[in-house]
Protein chains: 2
Amino acid sequence: MAEEKENIQFELTDELIKQVEKLIEVKNDKELHILLNEFHYADIAEILDELNLEEAVYVIKLLDSETTSDILMELDEDTRERILRNLSAKEIADEIEELDTDDAADIIAELPQERQAEVISQIEDEEHKAEITELLGYDEDSAGGLMAKELVKVYETWTVAGCMRRIRGQAKDVTRVHSIYVVDKKNRLIGRLSLKDLIVAKSDQKIAEISNSNVDSVNVHDQAEEVVRVMQKYDLEAIPVVDDNQILLGRITIDDIVDVMKEEAEKDYQLAAGITRDVEADDSIWELTIARLPWLLIGMFGGLGAASIIEHFNGEMGDFIVLLSFVPLIQATAGNVGVQSSAIVVQGLANDTIDGNILKRLLKEFILGLVNGVAIALIGLAITHFVFGTPYIVSITIALALVAVIVMAALIGTFIPIFLDKRGIDPAVATGPFITTSNDVFGILIYFLIAKFILGF
Amino acid sequence: MAEEKENIQFELTDELIKQVEKLIEVKNDKELHILLNEFHYADIAEILDELNLEEAVYVIKLLDSETTSDILMELDEDTRERILRNLSAKEIADEIEELDTDDAADIIAELPQERQAEVISQIEDEEHKAEITELLGYDEDSAGGLMAKELVKVYETWTVAGCMRRIRGQAKDVTRVHSIYVVDKKNRLIGRLSLKDLIVAKSDQKIAEISNSNVDSVNVHDQAEEVVRVMQKYDLEAIPVVDDNQILLGRITIDDIVDVMKEEAEKDYQLAAGITRDVEADDSIWELTIARLPWLLIGMFGGLGAASIIEHFNGEMGDFIVLLSFVPLIQATAGNVGVQSSAIVVQGLANDTIDGNILKRLLKEFILGLVNGVAIALIGLAITHFVFGTPYIVSITIALALVAVIVMAALIGTFIPIFLDKRGIDPAVATGPFITTSNDVFGILIYFLIAKFILGF
């Protein structure tokens, strides 16, 4: 592990990039070494993200693999993939040797199938190789996919002094020692203690005396989401991973959980915005189109559905053609209410603040829709009649339709995510364009049905 | 700090709640103690969230303050507030004595102004009292508002052995020792080392020899968001906080950062859904209305704006009244594109993947809009003409309007968040209903202008 040099004041300026590019161009390796040595690997990764492929590969080949392995982990996935394509299997294996097993497995998993075996065969450290191969066997969204094999473990029969001696050896391979895990002779997890416990204890005490047998763990096949929930709820910074026989297999640390949380939040945000794949602002136009077009198409069919409803009523409404002017008002209101309701439900489901009682929830949303609806309708009534000069009976029709549409949108926005959640489908897919599109069609239909009933056309 | 008993298999069942309620009713304190002692404080907090106020207060008064202080921190904010209202200043002070300074200050800050001084005056530990008072002076969204005073510090002149002795004393007050901070005689931060470094070192080495002088820190007045960015970028689990003279004031740990991240993600999600305040599914109807009504009103004014545009063109369009049927299509498409574009930009800004060049970004979005627009328009053209039987010239009008509206919506959705960000305003406010409402009005206007031009009414 490279010595860490954080530098919070680091700023990625155009001058810095130009300076690096210049040094690469004239192949001034010495100056390049001196310059880049000042920076933390996360900062160097930011610099490489700005360079072209050739330049980035040049820097990776120049610096030692102790540093470059950390840089690789911090790079944008696309940049990393392109750089790895330009390294030999041996060069990648050298990087892998420097990484913790979880990061090593992640990098290998990103490689094309045919290169994976080639890279693994080039890893010299047999233990490291075996551990990485084990990790590659787990589903990436499971506890096994998140865990690292690096951990500090001790036997309950050891003394504090003996333990300290052994730990000096083990701890060198472990970047951060969160907990020391206590195992029995069969390698089954039976307790934990902290380095602090060890330092505070007397040197002739037995580990069994000072360890906490109330150690929690996750099963290697548990879902990543469940691991996040548990670590967050119990404020854990590391959690051991065991198999079905309670055998200690690895540990998951909080920094990986932070990454999962961030990805989850981004995914939910994008789903709510009608983006169907994980994309970033700097992805290609083709990738962005693939992610965006599906919802635009579904939205278009919703719009065409609304058009056929309007066409249907259009012939009948005669003098009340003015009703058509207020279609956007109905549609916008239905969309906004639906998105609000669904967002609150989706968050409530994620935080477990919504209990099982779906009827109680719908009743609350019904009352809420009624309160909001009456407020909006009264203002709408006043403005359409006094500002637009719409006849009273038409304004009343619009106002009643607003109340009905708001209540309906609130109920649909609440019901659908809860329904999906009960079916085991991620409720986040049902926010944004999904709710807007369905509410558009329903809202316009309700509007014209109410109008037909009141105005009698 | 209570001994931790995580129990991942914990499930909040109706039977369990009933059992607890029964025991409270018959005042069977002994059984209640035995039952609740099995659970982790985070689990007990979940139970209390389900009880009525009287029952919850009963449990809090029954258990010892070592446990209840941790439970209080895990409770829903509303539940905690109600319970604290039912405790005396002395009882609250007893809870405060058990908490770390950062949590203690958070709890006190939640109390009504007049009770704060009363509670503080009841804290017996003078040092704890002074530290909490200091923390209460910092802005809650700053590094000072996040930090705790509990930390382990050593002087560079100490030996490893001497250091170990002193740490045994200090570490008792610190739940988790992430780093040991090295200070000079003036208490200025000059380095750090880990417990692991200490254990691995020889006992007669000087701290100065084994410590890392490349220690990073944040200023006490730095924004919380900046602290999150730094800790996430550099994968830190704790960061020391200093004042302008580099004097060590406290430290921030990753668990607090996880909470800030979660709150930020929830806030952005709610803003994108048009919810203007932090609300939860179980808040009152009044609170939910206050949070939701503002965007419904703004959306309504957008809808009324669209109505006046339609009214304006309505009189002129004569035979082309069929155009009105496709208003929902135009509106839905504009809304969806705008939300997609703005969501990608908002995330790009948050992740620093969007660089300063706004023109390059707009050009890309223009091409993207054109590609998506042409695809949607061709399908729209075919369906309106062949399925709806709309005259060719009208179908072509709709198709051209779709392209124009999609391009415009993409540009507005991209420009506004970048513009707000440059002005120092959180770009997340400009997603969701904001973009939808402005695109509704512009989209419909563009639609009719194009129709007027082509169809010549």
# chains A, B, ... in the order shown; residues from 1 in each chain; ligands from 1
$ closest_atom_pairs --of "chain B" --to "chain A" --cutoff "6 Å" --atoms "only C-alpha atoms" --output "CSV"
residue,atom,partner,partner_atom,distance
B:Lys5,CA,A:Asn214,CA,5.7
B:Glu6,CA,A:Asp216,CA,5.9
B:Arg168,CA,A:Val200,CA,5.1
B:Val200,CA,A:Arg168,CA,5.1
B:Asn214,CA,A:Lys5,CA,5.8
B:Ala273,CA,A:Gln340,CA,5.2
B:Ala281,CA,A:Gly348,CA,5.5
B:Ile285,CA,A:Leu368,CA,5.9
B:Gly303,CA,A:Leu329,CA,3.7
B:Ala307,CA,A:Ser325,CA,4.7
B:Ile310,CA,A:Ser325,CA,5.5
B:Ser325,CA,A:Ala307,CA,4.7
B:Phe326,CA,A:Ala307,CA,5.4
B:Pro328,CA,A:Gly303,CA,5.3
B:Leu329,CA,A:Gly303,CA,3.7
B:Val339,CA,A:Ala273,CA,5.6
B:Gln340,CA,A:Ala273,CA,5.2
B:Ile344,CA,A:Ala281,CA,5.8
B:Gly348,CA,A:Ala281,CA,5.6
B:Leu368,CA,A:Ile285,CA,5.9
$ write_last_selection --atoms "C-alpha atoms" --output "PDB file, in the first residue's frame"
ATOM      1  CA  LYS B   5     -25.526  -6.917  20.701  1.00  0.00           C
ATOM      2  CA  GLU B   6     -26.288  -6.875  17.031  1.00  0.00           C
ATOM      3  CA  ARG B 168      -4.874   3.125  27.611  1.00  0.00           C
ATOM      4  CA  VAL B 200       3.911  -3.103  14.897  1.00  0.00           C
ATOM      5  CA  ASN B 214       1.214  13.816   5.685  1.00  0.00           C
ATOM      6  CA  ALA B 273     -39.944  14.927  -7.162  1.00  0.00           C
ATOM      7  CA  ALA B 281     -44.282   8.954   4.725  1.00  0.00           C
ATOM      8  CA  ILE B 285     -51.083  15.441   6.530  1.00  0.00           C
ATOM      9  CA  GLY B 303     -50.841  24.755 -16.857  1.00  0.00           C
ATOM     10  CA  ALA B 307     -54.090  27.314 -21.466  1.00  0.00           C
ATOM     11  CA  ILE B 310     -53.906  27.490 -26.567  1.00  0.00           C
ATOM     12  CA  SER B 325     -55.501  16.425 -29.579  1.00  0.00           C
ATOM     13  CA  PHE B 326     -51.720  16.163 -29.695  1.00  0.00           C
ATOM     14  CA  PRO B 328     -50.596  16.002 -24.352  1.00  0.00           C
ATOM     15  CA  LEU B 329     -48.101  14.201 -26.600  1.00  0.00           C
ATOM     16  CA  VAL B 339     -36.211  15.528 -16.593  1.00  0.00           C
ATOM     17  CA  GLN B 340     -33.759  13.061 -18.155  1.00  0.00           C
ATOM     18  CA  ILE B 344     -27.839  13.511 -15.848  1.00  0.00           C
ATOM     19  CA  GLY B 348     -22.555  14.890 -13.369  1.00  0.00           C
ATOM     20  CA  LEU B 368     -28.472  13.880 -28.526  1.00  0.00           C
TER      21      LEU B 368
END
$ residues_around --residues "A:Ile132" --least-positions-apart "2" --cutoff "6 Å" --atoms "only C-alpha atoms" --output "count of residues only"
6
$ residues_around --residues "A:Leu400" --least-positions-apart "5" --cutoff "9 Å" --atoms "only C-alpha atoms" --output "PDB file with N, CA, C and O atoms, in the first residue's frame"
ATOM      1  N   GLY A 373     -56.102  18.939  -3.307  1.00  0.00           N
ATOM      2  CA  GLY A 373     -56.985  19.105  -4.455  1.00  0.00           C
ATOM      3  C   GLY A 373     -57.933  20.275  -4.272  1.00  0.00           C
ATOM      4  O   GLY A 373     -58.095  21.092  -5.177  1.00  0.00           O
ATOM      5  N   VAL A 374     -58.551  20.372  -3.085  1.00  0.00           N
ATOM      6  CA  VAL A 374     -59.507  21.458  -2.849  1.00  0.00           C
ATOM      7  C   VAL A 374     -58.786  22.809  -2.905  1.00  0.00           C
ATOM      8  O   VAL A 374     -59.290  23.770  -3.500  1.00  0.00           O
ATOM      9  N   ALA A 377     -57.989  23.475  -6.528  1.00  0.00           N
ATOM     10  CA  ALA A 377     -59.228  23.663  -7.295  1.00  0.00           C
ATOM     11  C   ALA A 377     -59.836  25.041  -7.047  1.00  0.00           C
ATOM     12  O   ALA A 377     -60.308  25.693  -7.981  1.00  0.00           O
ATOM     13  N   SER A 395     -65.776  26.460 -15.370  1.00  0.00           N
ATOM     14  CA  SER A 395     -64.791  26.600 -14.290  1.00  0.00           C
ATOM     15  C   SER A 395     -65.047  25.590 -13.176  1.00  0.00           C
ATOM     16  O   SER A 395     -64.108  25.017 -12.614  1.00  0.00           O
ATOM     17  N   VAL A 405     -58.709  14.373 -10.186  1.00  0.00           N
ATOM     18  CA  VAL A 405     -57.445  13.947 -10.778  1.00  0.00           C
ATOM     19  C   VAL A 405     -56.334  13.914  -9.726  1.00  0.00           C
ATOM     20  O   VAL A 405     -55.507  12.997  -9.709  1.00  0.00           O
ATOM     21  N   TYR A 447     -61.072  13.781 -16.628  1.00  0.00           N
ATOM     22  CA  TYR A 447     -61.461  15.167 -16.926  1.00  0.00           C
ATOM     23  C   TYR A 447     -62.649  15.194 -17.883  1.00  0.00           C
ATOM     24  O   TYR A 447     -63.681  15.832 -17.609  1.00  0.00           O
ATOM     25  N   ILE A 450     -65.931  13.678 -16.375  1.00  0.00           N
ATOM     26  CA  ILE A 450     -66.601  14.618 -15.469  1.00  0.00           C
ATOM     27  C   ILE A 450     -67.269  15.736 -16.275  1.00  0.00           C
ATOM     28  O   ILE A 450     -68.417  16.121 -16.012  1.00  0.00           O
TER      29      ILE A 450
END
$ residues_around --residues "A:Ala117" --least-positions-apart "2" --cutoff "12 Å" --atoms "only C-alpha atoms" --output "compact mmCIF listing (two decimals) with N, CA, C and O atoms, in the first residue's frame"
# COMPACT_ATOMS: atom_id res chain seq x y z
N ALA A 89 -0.88 -9.20 -19.97
CA ALA A 89 -1.41 -9.99 -18.86
C ALA A 89 -0.45 -9.93 -17.66
O ALA A 89 -0.87 -9.82 -16.51
N LYS A 90 0.84 -9.96 -17.96
CA LYS A 90 1.84 -9.90 -16.89
C LYS A 90 1.78 -8.55 -16.16
O LYS A 90 1.84 -8.49 -14.93
N ILE A 92 -0.79 -6.54 -15.91
CA ILE A 92 -2.02 -6.49 -15.09
C ILE A 92 -1.82 -7.33 -13.82
O ILE A 92 -2.18 -6.91 -12.73
N ALA A 93 -1.20 -8.51 -13.98
CA ALA A 93 -0.98 -9.38 -12.82
C ALA A 93 -0.11 -8.68 -11.77
O ALA A 93 -0.34 -8.81 -10.57
N ILE A 108 -10.34 -7.97 -12.13
CA ILE A 108 -10.33 -9.14 -13.02
C ILE A 108 -11.71 -9.39 -13.62
O ILE A 108 -11.86 -9.70 -14.79
N ALA A 109 -12.74 -9.21 -12.80
CA ALA A 109 -14.11 -9.44 -13.28
C ALA A 109 -14.46 -8.51 -14.44
O ALA A 109 -15.31 -8.82 -15.27
N LEU A 111 -12.44 -7.64 -16.81
CA LEU A 111 -11.71 -8.02 -18.03
C LEU A 111 -12.57 -8.93 -18.90
O LEU A 111 -13.46 -9.61 -18.40
N PRO A 112 -12.29 -8.96 -20.22
CA PRO A 112 -13.00 -9.91 -21.08
C PRO A 112 -12.70 -11.34 -20.62
O PRO A 112 -11.58 -11.61 -20.14
N GLN A 113 -13.68 -12.20 -20.74
CA GLN A 113 -13.59 -13.59 -20.27
C GLN A 113 -12.25 -14.25 -20.61
O GLN A 113 -11.59 -14.82 -19.75
N GLU A 114 -11.81 -14.10 -21.87
CA GLU A 114 -10.61 -14.84 -22.32
C GLU A 114 -9.34 -14.33 -21.65
O GLU A 114 -8.38 -15.09 -21.49
N ARG A 115 -9.29 -13.06 -21.22
CA ARG A 115 -8.08 -12.54 -20.58
C ARG A 115 -8.01 -12.91 -19.11
O ARG A 115 -6.93 -12.91 -18.50
N VAL A 119 -4.56 -13.63 -17.02
CA VAL A 119 -4.04 -12.76 -15.95
C VAL A 119 -3.86 -13.54 -14.66
O VAL A 119 -2.81 -13.45 -14.00
N ILE A 120 -4.87 -14.34 -14.32
CA ILE A 120 -4.79 -15.10 -13.06
C ILE A 120 -3.57 -16.02 -13.06
O ILE A 120 -2.86 -16.12 -12.06
N SER A 121 -3.30 -16.65 -14.21
CA SER A 121 -2.17 -17.59 -14.27
C SER A 121 -0.83 -16.88 -14.05
O SER A 121 0.16 -17.50 -13.69
N GLN A 122 -0.80 -15.56 -14.28
CA GLN A 122 0.45 -14.81 -14.13
C GLN A 122 0.68 -14.30 -12.70
O GLN A 122 1.71 -13.70 -12.41
N ILE A 123 -0.32 -14.46 -11.82
CA ILE A 123 -0.14 -14.00 -10.44
C ILE A 123 0.81 -14.96 -9.73
O ILE A 123 0.58 -16.17 -9.73
N LYS A 129 -3.57 -15.72 -5.36
CA LYS A 129 -4.24 -16.26 -6.53
C LYS A 129 -5.47 -17.09 -6.14
O LYS A 129 -6.56 -16.92 -6.70
N ILE A 132 -8.28 -14.82 -4.73
CA ILE A 132 -8.97 -14.07 -5.78
C ILE A 132 -9.90 -14.99 -6.57
O ILE A 132 -11.05 -14.63 -6.86
N THR A 133 -9.41 -16.18 -6.89
CA THR A 133 -10.24 -17.14 -7.63
C THR A 133 -11.49 -17.47 -6.84
O THR A 133 -12.59 -17.55 -7.39
N LEU A 136 -13.95 -14.56 -7.10
CA LEU A 136 -14.57 -14.45 -8.43
C LEU A 136 -15.78 -15.37 -8.57
O LEU A 136 -16.62 -15.18 -9.44
$ select_by_dssp --residues "stretch 186-383 of chain A" --states "alpha helix (DSSP H)" --output "PyMOL selection string"
chain A and resi 195-200+207-210+224-233+254-272+285-314+327-350+358-382
$ select_by_dssp --residues "stretch 85-276 of chain B" --states "strand (DSSP E or B)" --output "PyMOL selection string"
chain B and resi 142+148+152-155+159+180-183+188-193+206+212+218-219+223+238-242+247-253
$ write_last_selection --atoms "N, CA and C atoms" --output "short mmCIF file (atom, residue, chain, number, x, y, z; two decimals), in the first residue's frame"
data_model
loop_
_atom_site.label_atom_id
_atom_site.label_comp_id
_atom_site.auth_asym_id
_atom_site.auth_seq_id
_atom_site.Cartn_x
_atom_site.Cartn_y
_atom_site.Cartn_z
N SER B 142 -21.57 22.48 9.09
CA SER B 142 -20.13 22.68 8.93
C SER B 142 -19.39 21.50 9.56
N ALA B 148 -16.72 15.33 16.70
CA ALA B 148 -16.79 14.99 18.12
C ALA B 148 -15.47 15.43 18.77
N VAL B 152 -7.95 10.47 20.26
CA VAL B 152 -6.74 10.05 20.95
C VAL B 152 -5.59 10.85 20.38
N LYS B 153 -4.89 11.59 21.24
CA LYS B 153 -3.76 12.38 20.72
C LYS B 153 -2.51 12.14 21.54
N VAL B 154 -1.37 12.25 20.87
CA VAL B 154 -0.08 12.02 21.54
C VAL B 154 0.89 13.11 21.10
N TYR B 155 1.96 13.26 21.89
CA TYR B 155 2.99 14.24 21.53
C TYR B 155 4.11 13.53 20.80
N THR B 159 7.66 8.13 23.53
CA THR B 159 8.08 6.85 22.95
C THR B 159 6.85 5.99 22.72
N ILE B 180 -4.55 7.90 15.59
CA ILE B 180 -4.01 8.61 16.74
C ILE B 180 -3.39 9.86 16.17
N TYR B 181 -3.75 11.01 16.73
CA TYR B 181 -3.24 12.25 16.17
C TYR B 181 -2.04 12.74 16.94
N VAL B 182 -1.02 13.18 16.22
CA VAL B 182 0.21 13.67 16.83
C VAL B 182 0.17 15.19 16.84
N VAL B 183 0.39 15.79 18.00
CA VAL B 183 0.37 17.25 18.10
C VAL B 183 1.69 17.76 18.69
N ARG B 188 -0.95 21.88 18.02
CA ARG B 188 -1.13 21.94 16.57
C ARG B 188 -0.95 20.55 15.98
N LEU B 189 -1.82 20.19 15.06
CA LEU B 189 -1.78 18.87 14.42
C LEU B 189 -0.56 18.76 13.51
N ILE B 190 0.31 17.77 13.75
CA ILE B 190 1.50 17.65 12.89
C ILE B 190 1.66 16.25 12.30
N GLY B 191 0.79 15.30 12.68
CA GLY B 191 0.94 13.97 12.11
C GLY B 191 -0.14 13.03 12.60
N ARG B 192 -0.09 11.81 12.10
CA ARG B 192 -1.01 10.80 12.59
C ARG B 192 -0.35 9.44 12.51
N LEU B 193 -0.88 8.51 13.29
CA LEU B 193 -0.48 7.12 13.13
C LEU B 193 -1.67 6.25 13.51
N LYS B 206 10.58 6.48 18.94
CA LYS B 206 9.89 7.74 19.21
C LYS B 206 8.69 7.87 18.26
N ASN B 212 3.06 9.56 10.46
CA ASN B 212 2.98 10.04 9.08
C ASN B 212 2.67 11.54 9.13
N VAL B 218 -9.62 18.90 7.95
CA VAL B 218 -10.52 19.91 7.43
C VAL B 218 -10.60 21.05 8.43
N ASN B 219 -10.93 22.22 7.92
CA ASN B 219 -11.10 23.37 8.79
C ASN B 219 -12.48 23.29 9.45
N GLN B 223 -17.67 23.43 4.85
CA GLN B 223 -19.03 22.91 4.65
C GLN B 223 -19.07 21.38 4.82
N ALA B 238 -11.82 8.51 9.13
CA ALA B 238 -11.91 9.57 10.13
C ALA B 238 -11.02 10.70 9.64
N ILE B 239 -11.38 11.92 9.99
CA ILE B 239 -10.54 13.06 9.59
C ILE B 239 -10.49 14.04 10.75
N PRO B 240 -9.29 14.56 11.06
CA PRO B 240 -9.20 15.52 12.17
C PRO B 240 -9.68 16.91 11.72
N VAL B 241 -10.20 17.66 12.66
CA VAL B 241 -10.71 19.00 12.38
C VAL B 241 -9.83 20.01 13.12
N VAL B 242 -9.38 21.04 12.41
CA VAL B 242 -8.50 22.04 13.02
C VAL B 242 -9.07 23.44 12.83
N ILE B 247 -4.71 24.26 15.10
CA ILE B 247 -4.93 23.65 16.42
C ILE B 247 -5.97 22.54 16.28
N LEU B 248 -5.68 21.36 16.81
CA LEU B 248 -6.58 20.21 16.72
C LEU B 248 -7.81 20.41 17.60
N LEU B 249 -9.00 20.38 16.98
CA LEU B 249 -10.23 20.64 17.74
C LEU B 249 -11.09 19.40 17.92
N GLY B 250 -11.08 18.48 16.96
CA GLY B 250 -11.95 17.31 17.06
C GLY B 250 -11.71 16.39 15.88
N ARG B 251 -12.61 15.43 15.71
CA ARG B 251 -12.48 14.55 14.56
C ARG B 251 -13.88 14.16 14.07
N ILE B 252 -13.96 13.86 12.79
CA ILE B 252 -15.22 13.42 12.18
C ILE B 252 -15.04 11.98 11.74
N THR B 253 -16.02 11.13 12.04
CA THR B 253 -15.89 9.71 11.67
C THR B 253 -16.85 9.37 10.54
#
$ atom_distance --atom1 "atom CA of A:Leu381" --atom2 "atom CA of A:Ala399"
5.6 Å
$ atom_distance --atom1 "atom CA of B:Ser179" --atom2 "atom CA of B:Ile207"
13.3 Å
$ atom_distance --atom1 "atom CA of B:Gly318" --atom2 "atom CA of A:Leu402"
28.5 Å
